[in-house]
>>> print(open('final09.pdb').read())   # PDB, N, CA and C atoms
ATOM      1  N   MET A   1      33.208  11.976 -31.572
ATOM      2  CA  MET A   1      32.333  13.077 -31.256
ATOM      3  C   MET A   1      33.188  14.262 -30.813
ATOM      4  N   LYS A   2      32.836  15.427 -31.314
ATOM      5  CA  LYS A   2      33.534  16.647 -30.948
ATOM      6  C   LYS A   2      32.818  17.258 -29.734
ATOM      7  N   VAL A   3      33.578  17.579 -28.685
ATOM      8  CA  VAL A   3      33.011  18.167 -27.477
ATOM      9  C   VAL A   3      33.606  19.555 -27.278
ATOM     10  N   ASN A   4      32.730  20.541 -27.085
ATOM     11  CA  ASN A   4      33.159  21.914 -26.846
ATOM     12  C   ASN A   4      32.605  22.353 -25.496
ATOM     13  N   VAL A   5      33.489  22.679 -24.545
ATOM     14  CA  VAL A   5      33.078  23.105 -23.212
ATOM     15  C   VAL A   5      33.323  24.606 -23.091
ATOM     16  N   GLN A   6      32.273  25.338 -22.725
ATOM     17  CA  GLN A   6      32.382  26.781 -22.534
ATOM     18  C   GLN A   6      31.953  27.128 -21.116
ATOM     19  N   SER A   7      32.695  28.036 -20.500
ATOM     20  CA  SER A   7      32.350  28.454 -19.147
ATOM     21  C   SER A   7      32.028  29.940 -19.139
ATOM     22  N   VAL A   8      31.048  30.308 -18.322
ATOM     23  CA  VAL A   8      30.613  31.690 -18.202
ATOM     24  C   VAL A   8      30.765  32.109 -16.740
ATOM     25  N   ASN A   9      31.399  33.224 -16.496
ATOM     26  CA  ASN A   9      31.607  33.799 -15.162
ATOM     27  C   ASN A   9      32.603  33.039 -14.299
ATOM     28  N   PHE A  10      33.393  32.150 -14.866
ATOM     29  CA  PHE A  10      34.454  31.456 -14.135
ATOM     30  C   PHE A  10      35.387  30.787 -15.131
ATOM     31  N   ASN A  11      36.568  30.379 -14.643
ATOM     32  CA  ASN A  11      37.519  29.641 -15.477
ATOM     33  C   ASN A  11      37.355  28.161 -15.183
ATOM     34  N   VAL A  12      37.129  27.392 -16.226
ATOM     35  CA  VAL A  12      36.880  25.965 -16.050
ATOM     36  C   VAL A  12      38.193  25.234 -15.751
ATOM     37  N   ASP A  13      38.106  24.261 -14.839
ATOM     38  CA  ASP A  13      39.243  23.446 -14.440
ATOM     39  C   ASP A  13      39.398  22.283 -15.424
ATOM     40  N   GLN A  14      40.618  21.881 -15.691
ATOM     41  CA  GLN A  14      40.859  20.790 -16.636
ATOM     42  C   GLN A  14      40.256  19.472 -16.142
ATOM     43  N   LYS A  15      40.214  19.273 -14.820
ATOM     44  CA  LYS A  15      39.598  18.059 -14.269
ATOM     45  C   LYS A  15      38.115  17.999 -14.606
ATOM     46  N   LEU A  16      37.451  19.146 -14.574
ATOM     47  CA  LEU A  16      36.031  19.201 -14.906
ATOM     48  C   LEU A  16      35.806  18.918 -16.394
ATOM     49  N   VAL A  17      36.684  19.419 -17.237
ATOM     50  CA  VAL A  17      36.589  19.154 -18.674
ATOM     51  C   VAL A  17      36.794  17.660 -18.946
ATOM     52  N   SER A  18      37.772  17.057 -18.293
ATOM     53  CA  SER A  18      38.032  15.621 -18.468
ATOM     54  C   SER A  18      36.844  14.796 -17.995
ATOM     55  N   PHE A  19      36.280  15.168 -16.846
ATOM     56  CA  PHE A  19      35.108  14.475 -16.309
ATOM     57  C   PHE A  19      33.949  14.540 -17.300
ATOM     58  N   THR A  20      33.714  15.726 -17.848
ATOM     59  CA  THR A  20      32.617  15.923 -18.790
ATOM     60  C   THR A  20      32.839  15.111 -20.066
ATOM     61  N   ASN A  21      34.053  15.135 -20.609
ATOM     62  CA  ASN A  21      34.355  14.363 -21.822
ATOM     63  C   ASN A  21      34.162  12.875 -21.590
ATOM     64  N   GLU A  22      34.627  12.402 -20.450
ATOM     65  CA  GLU A  22      34.495  10.975 -20.122
ATOM     66  C   GLU A  22      33.026  10.563 -20.062
ATOM     67  N   LYS A  23      32.215  11.377 -19.419
ATOM     68  CA  LYS A  23      30.788  11.066 -19.302
ATOM     69  C   LYS A  23      30.086  11.132 -20.662
ATOM     70  N   LEU A  24      30.422  12.132 -21.451
ATOM     71  CA  LEU A  24      29.787  12.267 -22.766
ATOM     72  C   LEU A  24      30.150  11.112 -23.687
ATOM     73  N   ASN A  25      31.369  10.623 -23.586
ATOM     74  CA  ASN A  25      31.775   9.499 -24.430
ATOM     75  C   ASN A  25      30.970   8.247 -24.125
ATOM     76  N   LYS A  26      30.459   8.135 -22.911
ATOM     77  CA  LYS A  26      29.615   6.984 -22.565
ATOM     78  C   LYS A  26      28.280   7.027 -23.303
ATOM     79  N   LEU A  27      27.832   8.219 -23.682
ATOM     80  CA  LEU A  27      26.578   8.329 -24.435
ATOM     81  C   LEU A  27      26.675   7.663 -25.798
ATOM     82  N   GLU A  28      27.883   7.602 -26.353
ATOM     83  CA  GLU A  28      28.047   6.980 -27.665
ATOM     84  C   GLU A  28      27.735   5.489 -27.620
ATOM     85  N   GLY A  29      27.717   4.898 -26.447
ATOM     86  CA  GLY A  29      27.303   3.503 -26.313
ATOM     87  C   GLY A  29      25.819   3.331 -26.596
ATOM     88  N   HIS A  30      25.037   4.378 -26.357
ATOM     89  CA  HIS A  30      23.595   4.334 -26.603
ATOM     90  C   HIS A  30      23.250   4.755 -28.017
ATOM     91  N   PHE A  31      24.023   5.695 -28.537
ATOM     92  CA  PHE A  31      23.728   6.222 -29.867
ATOM     93  C   PHE A  31      25.049   6.652 -30.489
ATOM     94  N   ASN A  32      25.527   5.897 -31.461
ATOM     95  CA  ASN A  32      26.872   6.119 -31.994
ATOM     96  C   ASN A  32      26.951   7.171 -33.097
ATOM     97  N   LYS A  33      25.852   7.843 -33.408
ATOM     98  CA  LYS A  33      25.861   8.825 -34.490
ATOM     99  C   LYS A  33      25.864  10.260 -33.977
ATOM    100  N   ILE A  34      26.327  10.482 -32.759
ATOM    101  CA  ILE A  34      26.376  11.833 -32.214
ATOM    102  C   ILE A  34      27.477  12.602 -32.931
ATOM    103  N   ILE A  35      27.126  13.751 -33.481
ATOM    104  CA  ILE A  35      28.088  14.565 -34.228
ATOM    105  C   ILE A  35      28.952  15.376 -33.277
ATOM    106  N   SER A  36      28.291  16.130 -32.396
ATOM    107  CA  SER A  36      29.038  16.986 -31.483
ATOM    108  C   SER A  36      28.212  17.275 -30.233
ATOM    109  N   ALA A  37      28.898  17.802 -29.235
ATOM    110  CA  ALA A  37      28.243  18.199 -27.988
ATOM    111  C   ALA A  37      28.768  19.566 -27.575
ATOM    112  N   GLU A  38      27.850  20.455 -27.238
ATOM    113  CA  GLU A  38      28.191  21.776 -26.724
ATOM    114  C   GLU A  38      27.812  21.786 -25.243
ATOM    115  N   VAL A  39      28.777  22.069 -24.393
ATOM    116  CA  VAL A  39      28.532  22.100 -22.945
ATOM    117  C   VAL A  39      28.741  23.533 -22.467
ATOM    118  N   PHE A  40      27.715  24.078 -21.826
ATOM    119  CA  PHE A  40      27.786  25.434 -21.276
ATOM    120  C   PHE A  40      27.682  25.331 -19.762
ATOM    121  N   MET A  41      28.655  25.879 -19.060
ATOM    122  CA  MET A  41      28.652  25.886 -17.603
ATOM    123  C   MET A  41      28.653  27.334 -17.148
ATOM    124  N   LYS A  42      27.672  27.677 -16.327
ATOM    125  CA  LYS A  42      27.512  29.061 -15.893
ATOM    126  C   LYS A  42      27.380  29.110 -14.374
ATOM    127  N   VAL A  43      27.901  30.176 -13.793
ATOM    128  CA  VAL A  43      27.725  30.423 -12.365
ATOM    129  C   VAL A  43      26.836  31.641 -12.229
ATOM    130  N   GLN A  44      25.691  31.439 -11.562
ATOM    131  CA  GLN A  44      24.799  32.560 -11.309
ATOM    132  C   GLN A  44      25.262  33.288 -10.064
ATOM    133  N   ASN A  45      25.190  34.585 -10.071
ATOM    134  CA  ASN A  45      25.569  35.375  -8.905
ATOM    135  C   ASN A  45      24.353  35.573  -8.003
ATOM    136  N   THR A  46      23.997  34.500  -7.288
ATOM    137  CA  THR A  46      22.878  34.557  -6.356
ATOM    138  C   THR A  46      23.344  34.042  -5.003
ATOM    139  N   SER A  47      22.504  34.209  -4.007
ATOM    140  CA  SER A  47      22.843  33.720  -2.671
ATOM    141  C   SER A  47      22.469  32.246  -2.488
ATOM    142  N   ALA A  48      21.752  31.681  -3.435
ATOM    143  CA  ALA A  48      21.348  30.273  -3.341
ATOM    144  C   ALA A  48      22.555  29.365  -3.526
ATOM    145  N   LYS A  49      22.529  28.222  -2.841
ATOM    146  CA  LYS A  49      23.633  27.264  -2.952
ATOM    147  C   LYS A  49      23.650  26.596  -4.326
ATOM    148  N   GLU A  50      22.474  26.373  -4.871
ATOM    149  CA  GLU A  50      22.380  25.738  -6.189
ATOM    150  C   GLU A  50      22.450  26.827  -7.260
ATOM    151  N   ASN A  51      23.671  27.260  -7.555
ATOM    152  CA  ASN A  51      23.841  28.366  -8.494
ATOM    153  C   ASN A  51      24.684  27.997  -9.708
ATOM    154  N   LYS A  52      24.912  26.712  -9.916
ATOM    155  CA  LYS A  52      25.734  26.277 -11.046
ATOM    156  C   LYS A  52      24.841  25.635 -12.099
ATOM    157  N   ILE A  53      24.796  26.264 -13.268
ATOM    158  CA  ILE A  53      23.928  25.814 -14.357
ATOM    159  C   ILE A  53      24.764  25.055 -15.376
ATOM    160  N   THR A  54      24.312  23.868 -15.705
ATOM    161  CA  THR A  54      24.954  23.055 -16.739
ATOM    162  C   THR A  54      23.946  22.832 -17.853
ATOM    163  N   GLU A  55      24.345  23.147 -19.070
ATOM    164  CA  GLU A  55      23.486  22.951 -20.233
ATOM    165  C   GLU A  55      24.279  22.192 -21.286
ATOM    166  N   ILE A  56      23.694  21.101 -21.788
ATOM    167  CA  ILE A  56      24.361  20.285 -22.800
ATOM    168  C   ILE A  56      23.462  20.196 -24.026
ATOM    169  N   LEU A  57      24.039  20.495 -25.186
ATOM    170  CA  LEU A  57      23.351  20.432 -26.463
ATOM    171  C   LEU A  57      24.027  19.367 -27.306
ATOM    172  N   LEU A  58      23.277  18.314 -27.660
ATOM    173  CA  LEU A  58      23.809  17.244 -28.517
ATOM    174  C   LEU A  58      23.307  17.438 -29.936
ATOM    175  N   ASN A  59      24.206  17.384 -30.891
ATOM    176  CA  ASN A  59      23.843  17.453 -32.309
ATOM    177  C   ASN A  59      23.924  16.048 -32.891
ATOM    178  N   ILE A  60      22.811  15.605 -33.456
ATOM    179  CA  ILE A  60      22.765  14.303 -34.108
ATOM    180  C   ILE A  60      22.169  14.502 -35.492
ATOM    181  N   PRO A  61      22.369  13.538 -36.386
ATOM    182  CA  PRO A  61      21.737  13.658 -37.702
ATOM    183  C   PRO A  61      20.217  13.728 -37.555
ATOM    184  N   GLY A  62      19.626  14.793 -38.027
ATOM    185  CA  GLY A  62      18.179  14.927 -37.962
ATOM    186  C   GLY A  62      17.663  15.686 -36.762
ATOM    187  N   GLY A  63      18.529  16.231 -35.928
ATOM    188  CA  GLY A  63      17.995  16.971 -34.786
ATOM    189  C   GLY A  63      19.010  17.322 -33.727
ATOM    190  N   GLU A  64      18.492  17.886 -32.648
ATOM    191  CA  GLU A  64      19.300  18.274 -31.507
ATOM    192  C   GLU A  64      18.557  17.896 -30.234
ATOM    193  N   PHE A  65      19.318  17.614 -29.198
ATOM    194  CA  PHE A  65      18.752  17.350 -27.883
ATOM    195  C   PHE A  65      19.412  18.294 -26.894
ATOM    196  N   VAL A  66      18.609  18.818 -25.963
ATOM    197  CA  VAL A  66      19.110  19.776 -24.979
ATOM    198  C   VAL A  66      18.686  19.341 -23.587
ATOM    199  N   ALA A  67      19.605  19.511 -22.642
ATOM    200  CA  ALA A  67      19.292  19.293 -21.237
ATOM    201  C   ALA A  67      19.937  20.426 -20.445
ATOM    202  N   LYS A  68      19.195  20.965 -19.485
ATOM    203  CA  LYS A  68      19.691  22.073 -18.674
ATOM    204  C   LYS A  68      19.323  21.810 -17.220
ATOM    205  N   LYS A  69      20.316  21.821 -16.345
ATOM    206  CA  LYS A  69      20.108  21.521 -14.926
ATOM    207  C   LYS A  69      20.868  22.526 -14.064
ATOM    208  N   THR A  70      20.348  22.769 -12.862
ATOM    209  CA  THR A  70      20.987  23.652 -11.892
ATOM    210  C   THR A  70      21.216  22.876 -10.598
ATOM    211  N   TYR A  71      22.470  22.812 -10.161
ATOM    212  CA  TYR A  71      22.835  22.070  -8.946
ATOM    213  C   TYR A  71      23.924  22.810  -8.185
ATOM    214  N   LYS A  72      24.337  22.216  -7.056
ATOM    215  CA  LYS A  72      25.410  22.790  -6.242
ATOM    216  C   LYS A  72      26.764  22.658  -6.914
ATOM    217  N   THR A  73      26.974  21.556  -7.647
ATOM    218  CA  THR A  73      28.254  21.335  -8.320
ATOM    219  C   THR A  73      28.006  21.052  -9.800
ATOM    220  N   PHE A  74      29.016  21.334 -10.591
ATOM    221  CA  PHE A  74      28.902  21.058 -12.024
ATOM    222  C   PHE A  74      28.883  19.556 -12.290
ATOM    223  N   GLU A  75      29.554  18.771 -11.457
ATOM    224  CA  GLU A  75      29.566  17.323 -11.649
ATOM    225  C   GLU A  75      28.152  16.753 -11.536
ATOM    226  N   GLN A  76      27.401  17.225 -10.527
ATOM    227  CA  GLN A  76      26.017  16.781 -10.387
ATOM    228  C   GLN A  76      25.193  17.219 -11.593
ATOM    229  N   GLY A  77      25.418  18.426 -12.048
ATOM    230  CA  GLY A  77      24.696  18.931 -13.207
ATOM    231  C   GLY A  77      24.975  18.123 -14.456
ATOM    232  N   VAL A  78      26.247  17.776 -14.673
ATOM    233  CA  VAL A  78      26.622  16.966 -15.836
ATOM    234  C   VAL A  78      25.951  15.601 -15.749
ATOM    235  N   ASP A  79      26.006  14.962 -14.573
ATOM    236  CA  ASP A  79      25.386  13.648 -14.402
ATOM    237  C   ASP A  79      23.889  13.691 -14.701
ATOM    238  N   GLN A  80      23.206  14.691 -14.174
ATOM    239  CA  GLN A  80      21.761  14.780 -14.385
ATOM    240  C   GLN A  80      21.406  15.123 -15.831
ATOM    241  N   CYS A  81      22.183  15.988 -16.443
ATOM    242  CA  CYS A  81      21.958  16.294 -17.859
ATOM    243  C   CYS A  81      22.137  15.048 -18.712
ATOM    244  N   LEU A  82      23.165  14.270 -18.413
ATOM    245  CA  LEU A  82      23.414  13.062 -19.191
ATOM    246  C   LEU A  82      22.308  12.033 -18.992
ATOM    247  N   ASN A  83      21.759  11.940 -17.778
ATOM    248  CA  ASN A  83      20.620  11.042 -17.561
ATOM    249  C   ASN A  83      19.444  11.465 -18.427
ATOM    250  N   SER A  84      19.183  12.749 -18.477
ATOM    251  CA  SER A  84      18.088  13.266 -19.291
ATOM    252  C   SER A  84      18.340  13.018 -20.779
ATOM    253  N   LEU A  85      19.558  13.297 -21.236
ATOM    254  CA  LEU A  85      19.894  13.082 -22.643
ATOM    255  C   LEU A  85      19.833  11.601 -23.011
ATOM    256  N   GLU A  86      20.227  10.753 -22.092
ATOM    257  CA  GLU A  86      20.169   9.306 -22.342
ATOM    258  C   GLU A  86      18.725   8.883 -22.586
ATOM    259  N   ARG A  87      17.801   9.366 -21.760
ATOM    260  CA  ARG A  87      16.385   9.039 -21.953
ATOM    261  C   ARG A  87      15.885   9.567 -23.297
ATOM    262  N   GLN A  88      16.302  10.783 -23.658
ATOM    263  CA  GLN A  88      15.882  11.355 -24.930
ATOM    264  C   GLN A  88      16.402  10.539 -26.107
ATOM    265  N   LEU A  89      17.656  10.092 -26.015
ATOM    266  CA  LEU A  89      18.231   9.288 -27.094
ATOM    267  C   LEU A  89      17.539   7.940 -27.224
ATOM    268  N   VAL A  90      17.194   7.314 -26.101
ATOM    269  CA  VAL A  90      16.501   6.019 -26.141
ATOM    270  C   VAL A  90      15.132   6.189 -26.796
ATOM    271  N   LYS A  91      14.408   7.254 -26.447
ATOM    272  CA  LYS A  91      13.109   7.513 -27.069
ATOM    273  C   LYS A  91      13.261   7.739 -28.573
ATOM    274  N   PHE A  92      14.284   8.509 -28.944
ATOM    275  CA  PHE A  92      14.541   8.800 -30.351
ATOM    276  C   PHE A  92      14.824   7.514 -31.121
ATOM    277  N   LYS A  93      15.656   6.643 -30.552
ATOM    278  CA  LYS A  93      15.980   5.377 -31.219
ATOM    279  C   LYS A  93      14.741   4.503 -31.356
ATOM    280  N   ASP A  94      13.898   4.475 -30.311
ATOM    281  CA  ASP A  94      12.670   3.682 -30.378
ATOM    282  C   ASP A  94      11.744   4.193 -31.478
ATOM    283  N   LYS A  95      11.644   5.516 -31.608
ATOM    284  CA  LYS A  95      10.801   6.088 -32.661
ATOM    285  C   LYS A  95      11.340   5.734 -34.039
ATOM    286  N   GLN A  96      12.671   5.758 -34.177
ATOM    287  CA  GLN A  96      13.268   5.403 -35.462
ATOM    288  C   GLN A  96      12.989   3.948 -35.801
ATOM    289  N   LYS A  97      13.083   3.058 -34.814
ATOM    290  CA  LYS A  97      12.800   1.645 -35.044
ATOM    291  C   LYS A  97      11.351   1.415 -35.462
ATOM    292  N   MET A  98      10.438   2.175 -34.844
ATOM    293  CA  MET A  98       9.025   2.029 -35.170
ATOM    294  C   MET A  98       8.749   2.488 -36.602
ATOM    295  N   ARG A  99       9.456   3.494 -37.069
ATOM    296  CA  ARG A  99       9.265   3.980 -38.431
ATOM    297  C   ARG A  99       9.740   2.961 -39.461
ATOM    298  N   LEU A 100      10.773   2.213 -39.102
ATOM    299  CA  LEU A 100      11.340   1.240 -40.045
ATOM    300  C   LEU A 100      10.479  -0.001 -40.159
ATOM    301  N   VAL A 101       9.663  -0.271 -39.157
ATOM    302  CA  VAL A 101       8.852  -1.490 -39.151
ATOM    303  C   VAL A 101       7.636  -1.337 -40.025
TER
END
>>> encode(input="final09.pdb", output="structure tokens")
Amino acid sequence: MKVNVQSVNFNVDQKLVSFTNEKLNKLEGHFNKIISAEVFMKVQNTSAKENKITEILLNIPGGEFVAKKTYKTFEQGVDQCLNSLERQLVKFKDKQKMRLV
């Protein structure tokens, strides 16, 4: 799977990129046909503590899945986005199985 990490309003740290790649690779255990992943990390200029937006777009054959979360840290955002994407992939696989039956 090809992973592209883009940061807006800040310079991304290599540790954060490694963390994100490691987590995304775990998704392939649920669905091995993922083509690519686009990760967008943005910092909003607000006074709120939860100002870090993480958005992940997964490209798979036949569609795309998107998850967008706002948290205090990008690590929390990545974890929550991946939980959401995991649920979406499981639903997608179940629908595919039902069509084949």
>>> resolve_selection(input="final09.pdb", expression="the PyMOL selection byres ((chain A and resi 6-21) around 7)", output="PyMOL selection string")
chain A and resi 3-5+22-26+38-43+78
>>> residues_near_point(input="final09.pdb", point="(27.1, 29.6, -9.5)", cutoff="6.5 Å", atoms="all atoms listed in the file", output="MDAnalysis selection string")
chainID A and resid 42:46 50:53
>>> write_last_selection(input="final09.pdb", atoms="N, CA and C atoms", output="PDB file, keeping the file's coordinate frame")
ATOM      1  N   LYS A  42      27.672  27.677 -16.327  1.00  0.00           N
ATOM      2  CA  LYS A  42      27.512  29.061 -15.893  1.00  0.00           C
ATOM      3  C   LYS A  42      27.380  29.110 -14.374  1.00  0.00           C
ATOM      4  N   VAL A  43      27.901  30.176 -13.793  1.00  0.00           N
ATOM      5  CA  VAL A  43      27.725  30.423 -12.365  1.00  0.00           C
ATOM      6  C   VAL A  43      26.836  31.641 -12.229  1.00  0.00           C
ATOM      7  N   GLN A  44      25.691  31.439 -11.562  1.00  0.00           N
ATOM      8  CA  GLN A  44      24.799  32.560 -11.309  1.00  0.00           C
ATOM      9  C   GLN A  44      25.262  33.288 -10.064  1.00  0.00           C
ATOM     10  N   ASN A  45      25.190  34.585 -10.071  1.00  0.00           N
ATOM     11  CA  ASN A  45      25.569  35.375  -8.905  1.00  0.00           C
ATOM     12  C   ASN A  45      24.353  35.573  -8.003  1.00  0.00           C
ATOM     13  N   THR A  46      23.997  34.500  -7.288  1.00  0.00           N
ATOM     14  CA  THR A  46      22.878  34.557  -6.356  1.00  0.00           C
ATOM     15  C   THR A  46      23.344  34.042  -5.003  1.00  0.00           C
ATOM     16  N   GLU A  50      22.474  26.373  -4.871  1.00  0.00           N
ATOM     17  CA  GLU A  50      22.380  25.738  -6.189  1.00  0.00           C
ATOM     18  C   GLU A  50      22.450  26.827  -7.260  1.00  0.00           C
ATOM     19  N   ASN A  51      23.671  27.260  -7.555  1.00  0.00           N
ATOM     20  CA  ASN A  51      23.841  28.366  -8.494  1.00  0.00           C
ATOM     21  C   ASN A  51      24.684  27.997  -9.708  1.00  0.00           C
ATOM     22  N   LYS A  52      24.912  26.712  -9.916  1.00  0.00           N
ATOM     23  CA  LYS A  52      25.734  26.277 -11.046  1.00  0.00           C
ATOM     24  C   LYS A  52      24.841  25.635 -12.099  1.00  0.00           C
ATOM     25  N   ILE A  53      24.796  26.264 -13.268  1.00  0.00           N
ATOM     26  CA  ILE A  53      23.928  25.814 -14.357  1.00  0.00           C
ATOM     27  C   ILE A  53      24.764  25.055 -15.376  1.00  0.00           C
TER      28      ILE A  53
END
>>> atom_distance(input="final09.pdb", atom1="atom N of Ile35 of chain A", atom2="atom N of Thr70 of chain A")
23.5 Å
>>> closest_residue(input="final09.pdb", among="A:Ser36, A:Asp94, A:Thr54, A:Glu86", to="Phe74 of chain A", atoms="only N, CA and C atoms")
A:Thr54
>>> closest_residue(input="final09.pdb", among="A:Met1, A:Ala48, A:Leu27, A:Leu85", to="Val66 of chain A", atoms="all atoms listed in the file")
A:Leu85
>>> atom_distance(input="final09.pdb", atom1="atom CA of Leu100 of chain A", atom2="atom N of Gly62 of chain A")
16.0 Å
>>> select_by_dssp(input="final09.pdb", residues="chain A", states="helix (DSSP H, G or I)", output="VMD selection string")
chain A and resid 14 to 27 74 to 100
>>> closest_residue(input="final09.pdb", among="A:Asn32, A:Ala67, A:Lys49, A:Glu55", to="Ser84 of chain A", atoms="all atoms listed in the file")
A:Ala67
>>> closest_residue(input="final09.pdb", among="A:Gln96, A:Asn83, A:Gln88, A:Asn59", to="Ile34 of chain A", atoms="only N, CA and C atoms")
A:Asn59
>>> decode(input="final09.pdb", residues="segment 18-26 of chain A", atoms="all heavy atoms", output="CSV table (one decimal), in the first residue's frame")
chain,number,residue,atom,x,y,z
A,18,SER,N,6.3,7.7,10.7
A,18,SER,CA,6.5,6.3,11.0
A,18,SER,C,5.3,5.7,11.8
A,18,SER,O,4.9,4.5,11.5
A,18,SER,CB,7.8,6.1,11.8
A,18,SER,OG,8.9,6.6,11.1
A,19,PHE,N,4.8,6.4,12.8
A,19,PHE,CA,3.7,5.9,13.6
A,19,PHE,C,2.5,5.7,12.7
A,19,PHE,O,1.8,4.7,12.7
A,19,PHE,CB,3.4,7.0,14.7
A,19,PHE,CG,2.1,6.7,15.4
A,19,PHE,CD1,2.1,5.8,16.5
A,19,PHE,CD2,1.0,7.4,15.1
A,19,PHE,CE1,1.0,5.6,17.2
A,19,PHE,CE2,-0.2,7.1,15.8
A,19,PHE,CZ,-0.2,6.2,16.9
A,20,THR,N,2.2,6.7,11.8
A,20,THR,CA,1.1,6.6,10.9
A,20,THR,C,1.2,5.4,9.9
A,20,THR,O,0.3,4.7,9.7
A,20,THR,CB,0.9,7.9,10.1
A,20,THR,OG1,0.8,9.0,11.0
A,20,THR,CG2,-0.3,7.9,9.2
A,21,ASN,N,2.4,5.2,9.3
A,21,ASN,CA,2.6,4.1,8.4
A,21,ASN,C,2.4,2.8,9.1
A,21,ASN,O,1.8,1.9,8.6
A,21,ASN,CB,4.0,4.2,7.8
A,21,ASN,CG,4.1,5.3,6.8
A,21,ASN,OD1,3.1,5.6,6.1
A,21,ASN,ND2,5.3,5.8,6.6
A,22,GLU,N,2.9,2.7,10.3
A,22,GLU,CA,2.8,1.4,11.1
A,22,GLU,C,1.3,1.1,11.4
A,22,GLU,O,0.9,0.0,11.2
A,22,GLU,CB,3.6,1.6,12.4
A,22,GLU,CG,3.6,0.4,13.3
A,22,GLU,CD,4.4,0.7,14.6
A,22,GLU,OE1,5.5,1.1,14.5
A,22,GLU,OE2,3.8,0.4,15.7
A,23,LYS,N,0.6,2.1,11.8
A,23,LYS,CA,-0.8,1.9,12.0
A,23,LYS,C,-1.6,1.5,10.8
A,23,LYS,O,-2.5,0.7,10.8
A,23,LYS,CB,-1.4,3.1,12.7
A,23,LYS,CG,-0.9,3.4,14.1
A,23,LYS,CD,-1.5,2.4,15.1
A,23,LYS,CE,-1.1,2.8,16.5
A,23,LYS,NZ,-1.8,2.0,17.5
A,24,LEU,N,-1.3,2.2,9.7
A,24,LEU,CA,-2.0,2.0,8.4
A,24,LEU,C,-1.7,0.6,7.9
A,24,LEU,O,-2.6,-0.1,7.3
A,24,LEU,CB,-1.7,3.0,7.4
A,24,LEU,CG,-2.4,4.4,7.5
A,24,LEU,CD1,-1.8,5.4,6.7
A,24,LEU,CD2,-3.9,4.2,7.2
A,25,ASN,N,-0.5,0.1,8.1
A,25,ASN,CA,-0.2,-1.2,7.6
A,25,ASN,C,-1.0,-2.3,8.4
A,25,ASN,O,-1.2,-3.4,7.8
A,25,ASN,CB,1.3,-1.5,7.8
A,25,ASN,CG,2.1,-0.7,6.7
A,25,ASN,OD1,1.6,-0.5,5.6
A,25,ASN,ND2,3.3,-0.4,7.0
A,26,LYS,N,-1.4,-2.0,9.6
A,26,LYS,CA,-2.2,-3.0,10.3
A,26,LYS,C,-3.6,-3.1,9.7
A,26,LYS,O,-4.3,-4.2,9.8
A,26,LYS,CB,-2.4,-2.5,11.8
A,26,LYS,CG,-1.1,-2.7,12.5
A,26,LYS,CD,-1.3,-2.3,14.0
A,26,LYS,CE,0.0,-2.4,14.7
A,26,LYS,NZ,-0.1,-2.0,16.1
